[in-house]
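Structure, as structure tokens:
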Amino acid sequence: MRTAVRIIAGAAALTVSHASSLADFCTKSHVQSSLPASESILGLEIDTSSITANAIYNASTTGSNYFPDAIYDYCNVTLAYSHPGRDDKVQLEIWLPEPNKFQNRWLSTGGGGFAINSQDSYLPGGVQYGAASGITDGGFGSFDTQFDAVFLLANGTINYDALYMFGYQAHYELSLIGKALTKNFFGTGDSKLYAYYQGCSEGGREGWSQVQRFPDEWDGAVIGAPAIRYGQQQVNHLYPDVVEHTMGYYPPPCELEKIVNLTIAACDGLDGRKDGVVSRTDLCKLHFNVNSTIGAHYSCAASTTQTILKRTSQSNTVPAQNGTVSAQGAVAAAKMLEGLHTLDGRRAYIWYQPSASFDDADTQYNSETGKFELEITSLSGEWVARFLELRDADNLSTLENVTYDTLKDWMELGWKRYEDVLQTTWPDLTPFKASGGKVLHYHGESDNSIPPGSSVHYHESVRKIMYPGMSFNESSEALNEWNRLFLVPGAAHCSPSTTQPNGPFPRTTLKTLIEWVENGIVPHTLNATVLSGEHEGEQHKLCAWPLRPLWKNNGKDMECVHDQESLDTWDYEFDAYRVPLY
């Protein structure tokens with residue numbers, strides 16, 4: 001039976017003390033008695049019969065990029081709610097720490113790709129830091145069901161309820177229910193409950209959606225490599241395919257891999273330290289010429305990979321590759337690196353930094369012809385087919401007649417159609433700042449899926465909008481008082497890079513945010529750990545933008561320096577559009 005539930009202060013709900021055991025309070029009846037009052041979640045109706053509660057003991061997590069290894073106990077709660085007037089069901093999963101570990105904290109966690117959650121990827125981090133933490137299925141049918149599967153009701157008909165749930169509403173409702181349930185569950189009364197958000201990629205975009213729209217809901221957010229500027233970002237994956245198709249040249253993957261490896265080798269020492277990590281991709285832009293790779297020999301062994309597409313699994317066998325980097329390969333790489341420009345030379349978007357892998361440019365081997373040929377990137381192809389053309393299709397079948405201008409037009413169409421829900425680039429964060437909120441925003445400098453320049457551009461948009469009367473240094477300092485951006489040397493998309501394994505990664509960022517919010521400890525630099533490679537375990541400090549890392553004393557000491565020539569390489573003018581692109 002689905003009912004709206006009212007909890008009255010002083011009702012016979014279990015008061016959880018630090019002496020209580022996990023078994024004492026991890027019960028269905030206690031969860032039911034802890035549900036939020038109906039007036040506090042207006043428009044939402046909790047199904048009391050959906051509640052489950054299970055005590056989990058000696059759970060362990062190892063090898064996470066987002067929190068240390070740990071063993072912990074927690075209460076796993078699931079429940080469902082609906083919106084009166086809709087025939088829907090939204091499911092939540094919430095992990096609550098044992099009573100003696102609870103520290104008056106709530107953590108919402110986000111998804112990736114078209115997934116609104118990352119399953120249990122982030123939930124253990126909440127429990128480790130004394131927070132109840134939760135995920136939502138967005139009302140899509142299950143925690144495994146992704147947004148693209150429910151976006152269309154039929155060809156040409158958008159499921160707007162699902163669109164707005166994915167865009168921002170589901171995470172807002174998760175925090176409303178989750179925070180109220182947590183307070184009642186632990187019997188904290190009027191005590192302050194600190195609310196945090198953590199996510200990367202689509203999860204990072206979801207984080208910005210909350211900060212921009214619901215500033216009073218959050219004390220702080222850890223936002224990684226956010227997939228903001230959806231109109232541009234999703235089409236951008238197609239750019240290298242159009243480069244190849246326009247040139248009529250489809251490089252063997254090993255050729256582009258060789259260009260990346262040579263780029264890393266050439267730019268490694270520009271930061272003052274030879275460690276296999278490009279910490280200064282901006283210096284790489286200024287001093288490295290891709291043409292220097294022409295003639296270099298490459299060799300890759302034969303391989304068979306299993307590609308998991310949206311609804312099918314596909315086996316790909318690639319023969320051994322041997323050759324030398326061609327002039328065409330260098331031209332293709334350089335064209336991709338400069339980013340999308342219209343046919344008349346106006347900038348429409350940006351590309352990844354030199355040292356990032358060319359995954360979006362992967363070609364496929366045709367065993368019948370013995371040649372490599374075009375492979376349309378599925379994430380971007382599906383975006384155009386499903387979200388722009390409104391067809392129930394997982395990819396485009398061809399790029400015939402698709403030009404750089406076509407890509408720009410697709411970017412603008414997505415921007416216009418979804419500006420109020422998926423673009424997520426509102427630059428005036430004054431309400432969040434006024435509420436005392438803090439943001440730790442990070443992005444891998446060798447990200448191969450979302451350009452780090454995307455994060456820099458949004459950060460700079462916020463600075464310019466919120467502090468228009470100040471100098472660059474003054475406004476940067478003012479912004480850094482509550483919103484800090486850190487570029488992660490050598491890191492790929494939401495993870496360390498396999499081609500730069502000695503690069504550090506900020507796995508304790510949530511802990512750093514908590515210390516900033518609750519204890520006023522300002523993270524002038526961000527802690528990061530090398531998680532693999534010959535330098536595994538080495539501790540690094542990441543510089544807060546706009547300062548850039550520079551190693552001195554033969555690579556022994558790192559300083560954060562201001563380098564205007566470098567900063568200028570991150571300054572983009574999107575003159576392909578008539579209105580500002582934040």
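In the structure tokens, chains take letters A, B, ... by order of appearance, with residues numbered from 1 within each chain and ligands from 1 in the order shown.
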
* What's the 6 Å shell around stretch 107-121 of chain A, counting only C-alpha atoms, without same-chain residues fewer than 3 positions away, as a PyMOL selection string? -> chain A and resi 126+133-135+146-147+196-199+201-203

Output file for the selection above: all heavy atoms, as an mmCIF file, in the first residue's frame:
```
data_model
loop_
_atom_site.group_PDB
_atom_site.id
_atom_site.type_symbol
_atom_site.label_atom_id
_atom_site.label_comp_id
_atom_site.auth_asym_id
_atom_site.auth_seq_id
_atom_site.Cartn_x
_atom_site.Cartn_y
_atom_site.Cartn_z
ATOM 1 N N GLY A 126 30.906 7.506 1.689
ATOM 2 C CA GLY A 126 30.042 8.174 2.649
ATOM 3 C C GLY A 126 30.093 7.504 4.002
ATOM 4 O O GLY A 126 30.283 8.148 5.041
ATOM 5 N N SER A 133 24.593 7.768 2.902
ATOM 6 C CA SER A 133 24.791 8.113 1.495
ATOM 7 C C SER A 133 23.794 7.369 0.632
ATOM 8 O O SER A 133 23.370 6.255 0.960
ATOM 9 C CB SER A 133 26.227 7.794 1.054
ATOM 10 O OG SER A 133 26.575 6.455 1.354
ATOM 11 N N GLY A 134 23.407 8.011 -0.492
ATOM 12 C CA GLY A 134 22.335 7.435 -1.275
ATOM 13 C C GLY A 134 22.492 7.567 -2.772
ATOM 14 O O GLY A 134 23.262 8.399 -3.271
ATOM 15 N N ILE A 135 21.726 6.736 -3.493
ATOM 16 C CA ILE A 135 21.612 6.805 -4.940
ATOM 17 C C ILE A 135 20.134 6.738 -5.315
ATOM 18 O O ILE A 135 19.296 6.307 -4.525
ATOM 19 C CB ILE A 135 22.373 5.664 -5.659
ATOM 20 C CG1 ILE A 135 21.825 4.290 -5.233
ATOM 21 C CG2 ILE A 135 23.861 5.765 -5.403
ATOM 22 C CD1 ILE A 135 22.423 3.129 -6.017
ATOM 23 N N GLN A 146 19.319 2.875 -17.673
ATOM 24 C CA GLN A 146 19.888 4.181 -17.950
ATOM 25 C C GLN A 146 18.860 5.096 -18.623
ATOM 26 O O GLN A 146 17.859 4.647 -19.177
ATOM 27 C CB GLN A 146 21.141 4.035 -18.811
ATOM 28 C CG GLN A 146 22.221 3.226 -18.113
ATOM 29 C CD GLN A 146 23.569 3.321 -18.789
ATOM 30 O OE1 GLN A 146 23.824 4.188 -19.630
ATOM 31 N NE2 GLN A 146 24.482 2.425 -18.415
ATOM 32 N N PHE A 147 19.144 6.368 -18.559
ATOM 33 C CA PHE A 147 18.220 7.397 -19.041
ATOM 34 C C PHE A 147 17.867 7.236 -20.508
ATOM 35 O O PHE A 147 16.711 7.423 -20.916
ATOM 36 C CB PHE A 147 18.845 8.771 -18.768
ATOM 37 C CG PHE A 147 18.155 9.926 -19.440
ATOM 38 C CD1 PHE A 147 16.797 10.152 -19.256
ATOM 39 C CD2 PHE A 147 18.865 10.801 -20.247
ATOM 40 C CE1 PHE A 147 16.167 11.227 -19.865
ATOM 41 C CE2 PHE A 147 18.249 11.874 -20.857
ATOM 42 C CZ PHE A 147 16.892 12.085 -20.669
ATOM 43 N N TYR A 196 26.428 16.806 1.600
ATOM 44 C CA TYR A 196 27.479 16.830 0.594
ATOM 45 C C TYR A 196 27.019 16.085 -0.664
ATOM 46 O O TYR A 196 26.129 15.237 -0.623
ATOM 47 C CB TYR A 196 28.751 16.166 1.133
ATOM 48 C CG TYR A 196 29.316 16.866 2.343
ATOM 49 C CD1 TYR A 196 29.096 16.366 3.631
ATOM 50 C CD2 TYR A 196 30.056 18.033 2.215
ATOM 51 C CE1 TYR A 196 29.612 16.999 4.748
ATOM 52 C CE2 TYR A 196 30.577 18.679 3.326
ATOM 53 C CZ TYR A 196 30.347 18.165 4.589
ATOM 54 O OH TYR A 196 30.850 18.805 5.692
ATOM 55 N N TYR A 197 27.668 16.420 -1.760
ATOM 56 C CA TYR A 197 27.443 15.731 -3.023
ATOM 57 C C TYR A 197 28.798 15.295 -3.572
ATOM 58 O O TYR A 197 29.798 16.010 -3.422
ATOM 59 C CB TYR A 197 26.754 16.648 -4.044
ATOM 60 C CG TYR A 197 26.546 15.946 -5.363
ATOM 61 C CD1 TYR A 197 25.380 15.258 -5.624
ATOM 62 C CD2 TYR A 197 27.567 15.909 -6.309
ATOM 63 C CE1 TYR A 197 25.213 14.553 -6.804
ATOM 64 C CE2 TYR A 197 27.413 15.206 -7.492
ATOM 65 C CZ TYR A 197 26.235 14.529 -7.735
ATOM 66 O OH TYR A 197 26.090 13.819 -8.895
ATOM 67 N N GLN A 198 28.821 14.113 -4.245
ATOM 68 C CA GLN A 198 30.053 13.663 -4.891
ATOM 69 C C GLN A 198 29.708 12.921 -6.176
ATOM 70 O O GLN A 198 28.822 12.055 -6.200
ATOM 71 C CB GLN A 198 30.859 12.738 -3.970
ATOM 72 C CG GLN A 198 32.196 12.316 -4.568
ATOM 73 C CD GLN A 198 33.049 11.508 -3.595
ATOM 74 O OE1 GLN A 198 32.523 10.843 -2.702
ATOM 75 N NE2 GLN A 198 34.360 11.582 -3.741
ATOM 76 N N GLY A 199 30.403 13.259 -7.255
ATOM 77 C CA GLY A 199 30.198 12.566 -8.520
ATOM 78 C C GLY A 199 31.203 13.020 -9.549
ATOM 79 O O GLY A 199 31.838 14.072 -9.412
ATOM 80 N N SER A 201 32.038 12.998 -14.045
ATOM 81 C CA SER A 201 31.501 12.880 -15.396
ATOM 82 C C SER A 201 30.032 13.317 -15.396
ATOM 83 O O SER A 201 29.736 14.440 -15.000
ATOM 84 C CB SER A 201 31.676 11.445 -15.910
ATOM 85 O OG SER A 201 31.404 11.383 -17.297
ATOM 86 N N GLU A 202 29.090 12.467 -15.811
ATOM 87 C CA GLU A 202 27.674 12.824 -15.684
ATOM 88 C C GLU A 202 27.349 13.129 -14.232
ATOM 89 O O GLU A 202 26.566 14.031 -13.936
ATOM 90 C CB GLU A 202 26.795 11.686 -16.208
ATOM 91 C CG GLU A 202 25.335 11.742 -15.791
ATOM 92 C CD GLU A 202 24.620 13.017 -16.190
ATOM 93 O OE1 GLU A 202 25.010 13.659 -17.173
ATOM 94 O OE2 GLU A 202 23.651 13.385 -15.501
ATOM 95 N N GLY A 203 27.979 12.392 -13.314
ATOM 96 C CA GLY A 203 27.791 12.684 -11.895
ATOM 97 C C GLY A 203 28.286 14.063 -11.521
ATOM 98 O O GLY A 203 27.736 14.710 -10.627
#
```

* **For stretch 422-425 of chain A: contacts at 7 Å, only C-alpha atoms, fewer than 4 positions along chain excluded, given as a PyMOL selection string** => chain A and resi 167+205+208-209+228-231+415+418+458+582

For all heavy atoms, I'd like the residues from the last selection saved as a short mmCIF file (atom, residue, chain, number, x, y, z; two decimals), in the first residue's frame.
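New file result33.cif:
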```cif
data_model
loop_
_atom_site.label_atom_id
_atom_site.label_comp_id
_atom_site.auth_asym_id
_atom_site.auth_seq_id
_atom_site.Cartn_x
_atom_site.Cartn_y
_atom_site.Cartn_z
N GLY A 167 17.80 15.35 -15.45
CA GLY A 167 18.49 16.63 -15.47
C GLY A 167 18.84 17.16 -14.10
O GLY A 167 19.96 17.62 -13.86
N ARG A 205 28.21 16.65 -13.66
CA ARG A 205 27.16 17.55 -14.16
C ARG A 205 25.99 17.58 -13.19
O ARG A 205 25.42 18.65 -12.90
CB ARG A 205 26.68 17.09 -15.54
CG ARG A 205 25.70 18.08 -16.19
CD ARG A 205 24.79 17.42 -17.21
NE ARG A 205 23.92 16.42 -16.63
CZ ARG A 205 22.79 16.69 -15.98
NH1 ARG A 205 22.40 17.94 -15.81
NH2 ARG A 205 22.07 15.72 -15.48
N TRP A 208 26.73 19.94 -10.38
CA TRP A 208 26.51 21.34 -10.72
C TRP A 208 25.02 21.65 -10.83
O TRP A 208 24.58 22.75 -10.48
CB TRP A 208 27.21 21.71 -12.03
CG TRP A 208 28.68 22.01 -11.90
CD1 TRP A 208 29.70 21.46 -12.62
CD2 TRP A 208 29.29 22.94 -11.00
NE1 TRP A 208 30.90 21.98 -12.22
CE2 TRP A 208 30.68 22.89 -11.24
CE3 TRP A 208 28.80 23.79 -10.01
CZ2 TRP A 208 31.59 23.68 -10.51
CZ3 TRP A 208 29.70 24.58 -9.30
CH2 TRP A 208 31.07 24.51 -9.55
N SER A 209 24.21 20.68 -11.29
CA SER A 209 22.77 20.93 -11.38
C SER A 209 22.18 21.22 -10.01
O SER A 209 21.27 22.04 -9.87
CB SER A 209 22.06 19.72 -12.01
OG SER A 209 21.82 18.68 -11.07
N ILE A 228 29.16 18.92 -18.29
CA ILE A 228 28.33 20.10 -18.53
C ILE A 228 28.40 20.50 -20.00
O ILE A 228 29.16 19.92 -20.77
CB ILE A 228 28.75 21.28 -17.63
CG1 ILE A 228 30.24 21.60 -17.83
CG2 ILE A 228 28.46 20.97 -16.17
CD1 ILE A 228 30.73 22.82 -17.08
N ARG A 229 27.60 21.51 -20.35
CA ARG A 229 27.55 21.99 -21.73
C ARG A 229 27.18 20.82 -22.66
O ARG A 229 27.83 20.54 -23.66
CB ARG A 229 28.90 22.61 -22.11
CG ARG A 229 28.82 23.86 -22.94
CD ARG A 229 30.16 24.55 -23.08
NE ARG A 229 30.59 25.16 -21.83
CZ ARG A 229 31.53 24.66 -21.04
NH1 ARG A 229 32.17 23.56 -21.36
NH2 ARG A 229 31.85 25.27 -19.92
N TYR A 230 26.07 20.16 -22.28
CA TYR A 230 25.66 18.92 -22.93
C TYR A 230 25.53 19.05 -24.45
O TYR A 230 25.89 18.14 -25.19
CB TYR A 230 24.31 18.48 -22.35
CG TYR A 230 24.28 17.06 -21.84
CD1 TYR A 230 25.03 16.69 -20.73
CD2 TYR A 230 23.47 16.12 -22.43
CE1 TYR A 230 24.98 15.40 -20.24
CE2 TYR A 230 23.41 14.83 -21.95
CZ TYR A 230 24.16 14.46 -20.85
OH TYR A 230 24.11 13.18 -20.38
N GLY A 231 24.99 20.17 -24.90
CA GLY A 231 24.81 20.35 -26.34
C GLY A 231 26.11 20.18 -27.08
O GLY A 231 26.18 19.51 -28.12
N TRP A 415 21.97 22.45 -27.50
CA TRP A 415 22.04 23.55 -26.54
C TRP A 415 20.68 24.21 -26.38
O TRP A 415 20.19 24.40 -25.26
CB TRP A 415 23.09 24.53 -27.06
CG TRP A 415 23.33 25.77 -26.26
CD1 TRP A 415 22.85 26.08 -25.01
CD2 TRP A 415 24.15 26.88 -26.66
NE1 TRP A 415 23.31 27.30 -24.61
CE2 TRP A 415 24.10 27.82 -25.60
CE3 TRP A 415 24.88 27.16 -27.80
CZ2 TRP A 415 24.79 29.03 -25.67
CZ3 TRP A 415 25.57 28.37 -27.85
CH2 TRP A 415 25.53 29.28 -26.81
N TYR A 418 17.86 21.68 -24.86
CA TYR A 418 18.03 21.18 -23.49
C TYR A 418 18.72 22.18 -22.58
O TYR A 418 19.23 21.81 -21.52
CB TYR A 418 18.81 19.86 -23.52
CG TYR A 418 18.16 18.81 -24.39
CD1 TYR A 418 18.72 18.45 -25.62
CD2 TYR A 418 16.98 18.19 -23.99
CE1 TYR A 418 18.12 17.49 -26.42
CE2 TYR A 418 16.38 17.22 -24.78
CZ TYR A 418 16.95 16.88 -26.00
OH TYR A 418 16.35 15.93 -26.79
N TYR A 458 34.14 26.98 -17.65
CA TYR A 458 33.03 27.25 -16.75
C TYR A 458 33.50 28.00 -15.50
O TYR A 458 32.87 28.95 -15.05
CB TYR A 458 32.31 25.97 -16.35
CG TYR A 458 31.19 26.22 -15.37
CD1 TYR A 458 30.07 26.95 -15.74
CD2 TYR A 458 31.27 25.77 -14.06
CE1 TYR A 458 29.04 27.22 -14.85
CE2 TYR A 458 30.25 26.03 -13.15
CZ TYR A 458 29.14 26.75 -13.55
OH TYR A 458 28.13 27.03 -12.64
N TYR A 582 28.72 29.72 -21.84
CA TYR A 582 29.39 29.70 -20.53
C TYR A 582 30.01 28.33 -20.27
O TYR A 582 29.63 27.34 -20.87
CB TYR A 582 28.38 30.04 -19.44
CG TYR A 582 27.85 31.46 -19.54
CD1 TYR A 582 26.50 31.69 -19.74
CD2 TYR A 582 28.71 32.55 -19.44
CE1 TYR A 582 26.00 32.98 -19.83
CE2 TYR A 582 28.22 33.84 -19.52
CZ TYR A 582 26.87 34.06 -19.73
OH TYR A 582 26.38 35.34 -19.83
#
```

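Of all the residues in stretch 5-107 of chain A, the ones DSSP labels as helix (DSSP H, G or I) from the backbone are Leu22, Ala23, Asp24, Phe25, Lys28, Ser29, His30, Val31, Gln32, Ser33, Ser38, Glu39, Ser40, Ile41, Pro99, Asn100 and Lys101 of chain A.
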
* Shell around stretch 469-477 of chain A at 12 Å using only C-alpha atoms, local window under 3 positions removed, as a PyMOL selection string -> chain A and resi 459-466+480-485+524+544-547+562+564+567
